[in-house]
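What follows is the content of start_39.cif (mmCIF, C-alpha atoms).
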```cif
data_structure
loop_
_atom_site.group_PDB
_atom_site.id
_atom_site.type_symbol
_atom_site.label_atom_id
_atom_site.label_comp_id
_atom_site.auth_asym_id
_atom_site.auth_seq_id
_atom_site.Cartn_x
_atom_site.Cartn_y
_atom_site.Cartn_z
ATOM 1 C CA MET A 520 -24.437 11.827 -12.314
ATOM 2 C CA LYS A 521 -24.022 14.030 -15.410
ATOM 3 C CA LEU A 522 -25.261 17.054 -13.457
ATOM 4 C CA ILE A 523 -22.838 16.352 -10.591
ATOM 5 C CA ILE A 524 -19.919 16.066 -13.018
ATOM 6 C CA PHE A 525 -20.982 19.220 -14.857
ATOM 7 C CA LEU A 526 -21.215 21.224 -11.612
ATOM 8 C CA THR A 527 -17.959 19.786 -10.250
ATOM 9 C CA THR A 528 -16.144 20.632 -13.494
ATOM 10 C CA LEU A 529 -17.633 24.130 -13.581
ATOM 11 C CA ILE A 530 -16.709 24.871 -9.947
ATOM 12 C CA THR A 531 -13.200 23.386 -10.353
ATOM 13 C CA ALA A 532 -12.568 25.428 -13.518
ATOM 14 C CA ALA A 533 -13.730 28.612 -11.769
ATOM 15 C CA ILE A 534 -11.479 27.932 -8.771
ATOM 16 C CA ILE A 535 -8.502 27.249 -11.060
ATOM 17 C CA PHE A 536 -9.123 30.537 -12.847
ATOM 18 C CA PHE A 537 -9.084 32.516 -9.612
ATOM 19 C CA VAL A 538 -6.416 30.598 -7.675
ATOM 20 C CA PRO A 539 -3.111 32.463 -7.205
ATOM 21 C CA PRO A 540 -0.249 31.624 -9.591
ATOM 22 C CA VAL A 541 1.884 28.605 -8.722
ATOM 23 C CA LYS A 542 4.897 29.774 -6.709
ATOM 24 C CA GLY A 543 7.974 30.161 -8.904
ATOM 25 C CA LEU A 544 6.154 29.121 -12.073
ATOM 26 C CA GLY A 545 3.514 31.815 -12.613
ATOM 27 C CA GLU A 546 0.116 31.722 -14.333
ATOM 28 C CA LEU A 547 1.298 29.433 -17.143
ATOM 29 C CA ALA A 548 1.830 26.616 -14.663
ATOM 30 C CA LYS A 549 -1.926 26.348 -14.102
ATOM 31 C CA ILE A 550 -1.810 23.674 -16.780
ATOM 32 C CA ILE A 551 -0.776 21.340 -13.924
ATOM 33 C CA PHE A 552 -4.439 21.351 -12.869
ATOM 34 C CA PHE A 553 -5.122 19.512 -16.132
ATOM 35 C CA HIS A 554 -1.855 17.616 -16.505
ATOM 36 C CA ILE A 555 -1.714 15.908 -13.099
ATOM 37 C CA PRO A 556 -5.397 14.791 -13.063
ATOM 38 C CA THR A 557 -5.143 13.286 -16.562
ATOM 39 C CA ALA A 558 -1.973 11.408 -15.578
ATOM 40 C CA TRP A 559 -3.690 10.207 -12.393
ATOM 41 C CA VAL A 560 -6.749 8.961 -14.305
ATOM 42 C CA ALA A 561 -4.532 7.167 -16.829
ATOM 43 C CA VAL A 562 -2.963 5.181 -13.984
ATOM 44 C CA ILE A 563 -6.390 4.380 -12.513
ATOM 45 C CA ALA A 564 -7.646 3.308 -15.946
ATOM 46 C CA PHE A 565 -4.725 0.930 -16.541
ATOM 47 C CA PHE A 566 -5.192 -0.695 -13.134
ATOM 48 C CA THR A 567 -8.951 -0.921 -13.748
ATOM 49 C CA SER A 568 -8.249 -2.593 -17.081
ATOM 50 C CA ALA A 569 -6.042 -5.161 -15.340
ATOM 51 C CA TYR A 570 -8.729 -5.744 -12.685
ATOM 52 C CA PHE A 571 -11.349 -6.554 -15.320
ATOM 53 C CA ALA A 572 -8.802 -8.663 -17.239
ATOM 54 C CA ALA A 573 -8.256 -10.785 -14.125
ATOM 55 C CA LYS A 574 -12.027 -11.099 -13.679
ATOM 56 C CA PHE A 575 -12.344 -12.275 -17.279
ATOM 57 C CA LEU A 576 -9.660 -14.931 -16.810
ATOM 58 C CA ARG A 577 -11.462 -16.191 -13.692
ATOM 59 C CA THR A 578 -15.003 -16.174 -15.110
ATOM 60 C CA ASN A 579 -14.544 -16.292 -18.899
ATOM 61 C CA GLU A 580 -17.371 -13.741 -19.204
ATOM 62 C CA ILE A 581 -16.902 -11.525 -22.248
ATOM 63 C CA PHE A 582 -18.428 -8.540 -20.402
ATOM 64 C CA TYR A 583 -15.264 -8.275 -18.308
ATOM 65 C CA ASP A 584 -13.101 -8.327 -21.434
ATOM 66 C CA GLU A 585 -15.150 -5.462 -22.864
ATOM 67 C CA MET A 586 -14.772 -3.479 -19.637
ATOM 68 C CA SER A 587 -11.035 -4.179 -19.565
ATOM 69 C CA ALA A 588 -10.631 -3.023 -23.163
ATOM 70 C CA HIS A 589 -12.800 0.044 -22.606
ATOM 71 C CA SER A 590 -10.779 1.055 -19.548
ATOM 72 C CA ALA A 591 -7.487 0.537 -21.420
ATOM 73 C CA LYS A 592 -8.737 2.747 -24.268
ATOM 74 C CA LEU A 593 -9.714 5.461 -21.812
ATOM 75 C CA GLY A 594 -6.334 5.122 -20.123
ATOM 76 C CA PHE A 595 -4.625 5.509 -23.484
ATOM 77 C CA ILE A 596 -6.599 8.689 -24.208
ATOM 78 C CA PHE A 597 -5.836 10.122 -20.772
ATOM 79 C CA VAL A 598 -2.126 9.279 -20.969
ATOM 80 C CA LEU A 599 -2.003 11.044 -24.353
ATOM 81 C CA LEU A 600 -3.704 14.084 -22.795
ATOM 82 C CA ALA A 601 -1.192 14.014 -19.933
ATOM 83 C CA THR A 602 1.683 13.798 -22.422
ATOM 84 C CA ILE A 603 0.372 16.642 -24.591
ATOM 85 C CA SER A 604 -0.283 18.920 -21.596
ATOM 86 C CA GLY A 605 3.155 17.994 -20.224
ATOM 87 C CA ALA A 606 4.735 18.906 -23.553
ATOM 88 C CA ILE A 607 2.965 22.283 -23.506
ATOM 89 C CA PHE A 608 4.235 22.897 -19.974
ATOM 90 C CA SER A 609 7.712 21.839 -21.134
ATOM 91 C CA LYS A 610 7.608 24.377 -23.961
ATOM 92 C CA LEU A 611 6.501 27.143 -21.609
ATOM 93 C CA THR A 612 9.154 26.427 -18.984
ATOM 94 C CA TRP A 613 12.092 24.749 -20.792
ATOM 95 C CA GLY A 614 11.684 26.215 -24.293
ATOM 96 C CA ALA A 615 11.044 22.889 -26.051
ATOM 97 C CA PHE A 616 8.048 20.580 -26.302
ATOM 98 C CA TRP A 617 10.203 17.485 -25.887
ATOM 99 C CA ASN A 618 13.722 16.867 -24.592
ATOM 100 C CA TRP A 619 13.646 13.200 -23.515
ATOM 101 C CA ASP A 620 13.552 14.069 -19.839
ATOM 102 C CA PRO A 621 13.193 10.846 -17.735
ATOM 103 C CA ARG A 622 9.495 11.519 -17.117
ATOM 104 C CA GLN A 623 8.863 12.200 -20.805
ATOM 105 C CA THR A 624 10.762 9.063 -21.787
ATOM 106 C CA THR A 625 8.925 6.754 -19.384
ATOM 107 C CA ILE A 626 5.515 8.149 -20.342
ATOM 108 C CA PHE A 627 6.420 7.577 -24.010
ATOM 109 C CA ILE A 628 7.232 3.934 -23.203
ATOM 110 C CA LEU A 629 3.854 3.627 -21.469
ATOM 111 C CA ILE A 630 2.133 4.987 -24.585
ATOM 112 C CA LEU A 631 3.948 2.368 -26.692
ATOM 113 C CA ILE A 632 2.939 -0.451 -24.319
ATOM 114 C CA TYR A 633 -0.753 0.421 -24.379
ATOM 115 C CA GLY A 634 -0.667 1.341 -28.056
ATOM 116 C CA ALA A 635 0.577 -2.223 -28.625
ATOM 117 C CA TYR A 636 -2.323 -3.514 -26.496
ATOM 118 C CA LEU A 637 -4.849 -1.742 -28.730
ATOM 119 C CA THR A 638 -3.040 -2.976 -31.848
ATOM 120 C CA LEU A 639 -3.084 -6.532 -30.494
ATOM 121 C CA ARG A 640 -6.839 -6.369 -29.931
ATOM 122 C CA ALA A 641 -7.375 -5.083 -33.462
ATOM 123 C CA ALA A 642 -5.201 -7.863 -34.929
ATOM 124 C CA VAL A 643 -7.040 -10.830 -33.356
ATOM 125 C CA SER A 644 -10.439 -11.444 -34.927
ATOM 126 C CA ASN A 645 -11.646 -14.374 -32.794
ATOM 127 C CA GLU A 646 -13.522 -12.918 -29.827
ATOM 128 C CA LYS A 647 -12.506 -15.512 -27.212
ATOM 129 C CA ALA A 648 -8.882 -15.654 -28.340
ATOM 130 C CA ARG A 649 -8.703 -11.841 -28.391
ATOM 131 C CA ALA A 650 -10.158 -11.659 -24.904
ATOM 132 C CA LYS A 651 -7.672 -14.168 -23.453
ATOM 133 C CA VAL A 652 -4.602 -12.702 -25.133
ATOM 134 C CA SER A 653 -5.672 -9.169 -24.198
ATOM 135 C CA ALA A 654 -6.298 -10.138 -20.577
ATOM 136 C CA VAL A 655 -2.851 -11.678 -20.188
ATOM 137 C CA TYR A 656 -1.220 -8.694 -21.919
ATOM 138 C CA SER A 657 -3.135 -6.280 -19.680
ATOM 139 C CA LEU A 658 -1.982 -8.067 -16.520
ATOM 140 C CA PHE A 659 1.658 -7.984 -17.607
ATOM 141 C CA SER A 660 1.419 -4.378 -18.839
ATOM 142 C CA VAL A 661 0.053 -3.031 -15.569
ATOM 143 C CA LEU A 662 3.187 -4.278 -13.798
ATOM 144 C CA THR A 663 5.176 -1.643 -15.698
ATOM 145 C CA VAL A 664 2.915 1.256 -14.688
ATOM 146 C CA PRO A 665 4.272 1.872 -11.141
ATOM 147 C CA PHE A 666 7.860 1.649 -12.398
ATOM 148 C CA LEU A 667 7.335 3.930 -15.397
ATOM 149 C CA VAL A 668 5.207 6.512 -13.596
ATOM 150 C CA PHE A 669 6.449 6.566 -9.997
ATOM 151 C CA ILE A 670 9.837 4.837 -9.653
ATOM 152 C CA LEU A 671 12.144 5.126 -12.699
ATOM 153 C CA PRO A 672 11.606 8.875 -13.318
ATOM 154 C CA ARG A 673 12.639 9.611 -9.723
ATOM 155 C CA MET A 674 15.881 7.644 -10.013
ATOM 156 C CA TYR A 675 17.444 10.140 -12.412
ATOM 157 C CA PHE A 676 17.908 13.899 -12.556
ATOM 158 C CA SER A 677 14.873 15.570 -14.087
ATOM 159 C CA LEU A 678 13.924 19.089 -15.118
ATOM 160 C CA HIS A 679 10.372 18.180 -14.155
ATOM 161 C CA PRO A 680 9.080 20.204 -11.182
ATOM 162 C CA ALA A 681 9.072 18.496 -7.788
ATOM 163 C CA PRO A 682 6.120 16.222 -7.097
ATOM 164 C CA VAL A 683 3.436 17.164 -4.571
ATOM 165 C CA PHE A 684 5.593 15.617 -1.852
ATOM 166 C CA ASN A 685 9.377 15.439 -2.119
ATOM 167 C CA SER A 686 11.526 12.428 -1.207
ATOM 168 C CA ALA A 687 11.617 13.575 2.438
ATOM 169 C CA GLY A 688 7.820 13.646 2.576
ATOM 170 C CA LYS A 689 7.699 17.454 2.741
ATOM 171 C CA LEU A 690 4.821 19.218 0.996
ATOM 172 C CA GLU A 691 6.216 21.004 -2.081
ATOM 173 C CA MET A 692 3.271 23.300 -2.801
ATOM 174 C CA ASP A 693 1.004 25.692 -0.932
ATOM 175 C CA ALA A 694 -1.969 24.086 0.801
ATOM 176 C CA GLU A 695 -4.325 26.269 -1.283
ATOM 177 C CA ILE A 696 -2.807 24.972 -4.537
ATOM 178 C CA LEU A 697 -2.943 21.403 -3.225
ATOM 179 C CA ILE A 698 -6.667 21.706 -2.411
ATOM 180 C CA VAL A 699 -7.423 22.979 -5.924
ATOM 181 C CA LEU A 700 -5.314 20.184 -7.406
ATOM 182 C CA LEU A 701 -7.182 17.564 -5.359
ATOM 183 C CA ALA A 702 -10.490 19.033 -6.566
ATOM 184 C CA ALA A 703 -9.274 18.738 -10.178
ATOM 185 C CA VAL A 704 -8.150 15.132 -9.562
ATOM 186 C CA PHE A 705 -11.538 14.299 -8.022
ATOM 187 C CA ASP A 706 -13.333 15.846 -11.002
ATOM 188 C CA ALA A 707 -11.187 13.948 -13.531
ATOM 189 C CA THR A 708 -11.817 10.710 -11.623
ATOM 190 C CA LEU A 709 -15.583 11.297 -11.768
ATOM 191 C CA ILE A 710 -15.343 11.905 -15.521
ATOM 192 C CA PHE A 711 -13.409 8.643 -15.954
ATOM 193 C CA TYR A 712 -15.982 6.726 -13.883
ATOM 194 C CA LYS A 713 -18.828 8.112 -15.985
ATOM 195 C CA LEU A 714 -17.043 7.309 -19.263
ATOM 196 C CA LEU A 715 -16.259 3.791 -18.050
ATOM 197 C CA LYS A 716 -19.909 3.174 -17.147
ATOM 198 C CA LYS A 717 -20.871 4.387 -20.666
#
```
Rendering of file as structure tokens:
Amino acid sequence: MKLIIFLTTLITAAIIFFVPPVKGLGELAKIIFFHIPTAWVAVIAFFTSAYFAAKFLRTNEIFYDEMSAHSAKLGFIFVLLATISGAIFSKLTWGAFWNWDPRQTTIFILILIYGAYLTLRAAVSNEKARAKVSAVYSLFSVLTVPFLVFILPRMYFSLHPAPVFNSAGKLEMDAEILIVLLAAVFDATLIFYKLLKK
């Protein structure tokens, strides 16, 4: 598995290096090949955390609590990486790292929600109590993810570039760029899977 991930990452990085500049944004916009995959993996990680939280509540097996917590921690790391890379892109295109754009604001709220989850786990010393409280918190937290990532940011004007598909379902980027982006997303997902499996 490590070899597959290494080769996939190497090939993806090489393709990103040689792919033409993103239309209208230039070479600097290649950071999207890091930004979008990390944001994608953060969403997967938060849903995975909720899945294991539900399994813990059904079975009361501490293994599922550990998996839920591990996935939430990975999600937190990936959402921070997405935020940092987004801030770099913001600086390159808008002239400022942060301007409280709707997408920046909602991602900041998501960081606070999962930062609170990690703080909650650290504050409860009893293993069983921590597992139950964390599981319930994880299930409620994941309900905010679709709204904060996919719905609320699209309800307001944003400087953020158009998504892969616009509201009319029209492809907003060249097919070549999309293929490279999908390769980067696949690679990031493999990395998450490997990190989750420890």
Could you spell out the hits of the PyMOL selection byres ((chain A and resi 650) around 10) on the shown file, as a tab-separated table (two decimals) with C-alpha atoms, in the frame of the given file?
```tsv
chain	number	residue	atom	x	y	z
A	572	ALA	CA	-8.80	-8.66	-17.24
A	575	PHE	CA	-12.34	-12.28	-17.28
A	576	LEU	CA	-9.66	-14.93	-16.81
A	579	ASN	CA	-14.54	-16.29	-18.90
A	580	GLU	CA	-17.37	-13.74	-19.20
A	581	ILE	CA	-16.90	-11.52	-22.25
A	582	PHE	CA	-18.43	-8.54	-20.40
A	583	TYR	CA	-15.26	-8.28	-18.31
A	584	ASP	CA	-13.10	-8.33	-21.43
A	585	GLU	CA	-15.15	-5.46	-22.86
A	587	SER	CA	-11.04	-4.18	-19.57
A	588	ALA	CA	-10.63	-3.02	-23.16
A	640	ARG	CA	-6.84	-6.37	-29.93
A	643	VAL	CA	-7.04	-10.83	-33.36
A	645	ASN	CA	-11.65	-14.37	-32.79
A	646	GLU	CA	-13.52	-12.92	-29.83
A	647	LYS	CA	-12.51	-15.51	-27.21
A	648	ALA	CA	-8.88	-15.65	-28.34
A	649	ARG	CA	-8.70	-11.84	-28.39
A	651	LYS	CA	-7.67	-14.17	-23.45
A	652	VAL	CA	-4.60	-12.70	-25.13
A	653	SER	CA	-5.67	-9.17	-24.20
A	654	ALA	CA	-6.30	-10.14	-20.58
A	655	VAL	CA	-2.85	-11.68	-20.19
A	656	TYR	CA	-1.22	-8.69	-21.92
```
- Item | Nearby residues (only C-alpha atoms) at most 10 Å from Tyr570 (chain A), same-chain spacing under 3 positions excluded, as a list in words |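 In the requested format, the answer is Ala564, Phe565, Phe566, Thr567, Ala573, Lys574, Phe575, Tyr583, Met586, Ser587, Ser590, Ala654, Ser657, Leu658 and Val661 of chain A.
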Export, as a short mmCIF file (atom, residue, chain, number, x, y, z; two decimals), in the frame of the given file, the selected residues with C-alpha atoms.
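Wrote it out as out-v1.cif, contents follow:
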```cif
data_model
loop_
_atom_site.label_atom_id
_atom_site.label_comp_id
_atom_site.auth_asym_id
_atom_site.auth_seq_id
_atom_site.Cartn_x
_atom_site.Cartn_y
_atom_site.Cartn_z
CA ALA A 564 -7.65 3.31 -15.95
CA PHE A 565 -4.72 0.93 -16.54
CA PHE A 566 -5.19 -0.70 -13.13
CA THR A 567 -8.95 -0.92 -13.75
CA ALA A 573 -8.26 -10.78 -14.12
CA LYS A 574 -12.03 -11.10 -13.68
CA PHE A 575 -12.34 -12.28 -17.28
CA TYR A 583 -15.26 -8.28 -18.31
CA MET A 586 -14.77 -3.48 -19.64
CA SER A 587 -11.04 -4.18 -19.57
CA SER A 590 -10.78 1.06 -19.55
CA ALA A 654 -6.30 -10.14 -20.58
CA SER A 657 -3.14 -6.28 -19.68
CA LEU A 658 -1.98 -8.07 -16.52
CA VAL A 661 0.05 -3.03 -15.57
#
```
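Here CA of Ala703 (chain A) is placed at a distance of 6.1 Å from CA of Thr531 (chain A).
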- Query: Mind pulling up the distance from CA of Leu671 (chain A) to CA of Leu547 (chain A)?
  - Reply: 27.0 Å
- Counting all atoms listed in the file, the residue of A:Ile535, A:Val668, A:Ala601, A:Leu611 that sits nearest Val699 (chain A): A:Ile535
- Message: Give me, as number ranges by chain, all polymer residues having an atom no more than 12 Å from Asp706 (chain A), counting only C-alpha atoms and skipping those fewer than 6 positions away in the same chain.
- Response: A: 520-521, 523-532, 552-553, 555-557, 559-560, 699-700, 712-713
- Quick one: distance from CA of Gln623 (chain A) to CA of Val538 (chain A) in Å, one decimal?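 Separating CA of Gln623 (chain A) from CA of Val538 (chain A) is a distance of 27.3 Å.
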- Item | Test item: residues at most 12 Å from Ile628 (chain A), all atoms listed in the file, excluding those fewer than 6 positions along its chain, as an MDAnalysis selection string | chainID A and resid 595 598:599 602 619 621:622 634:635 660 663:664 666:668 671:672
- Any idea what's packed within 10 Å of Ile550 (chain A), counting all atoms listed in the file, ignoring anything in its chain fewer than 6 positions away? Could you give it as an MDAnalysis selection string? chainID A and resid 535 604:605 607:608
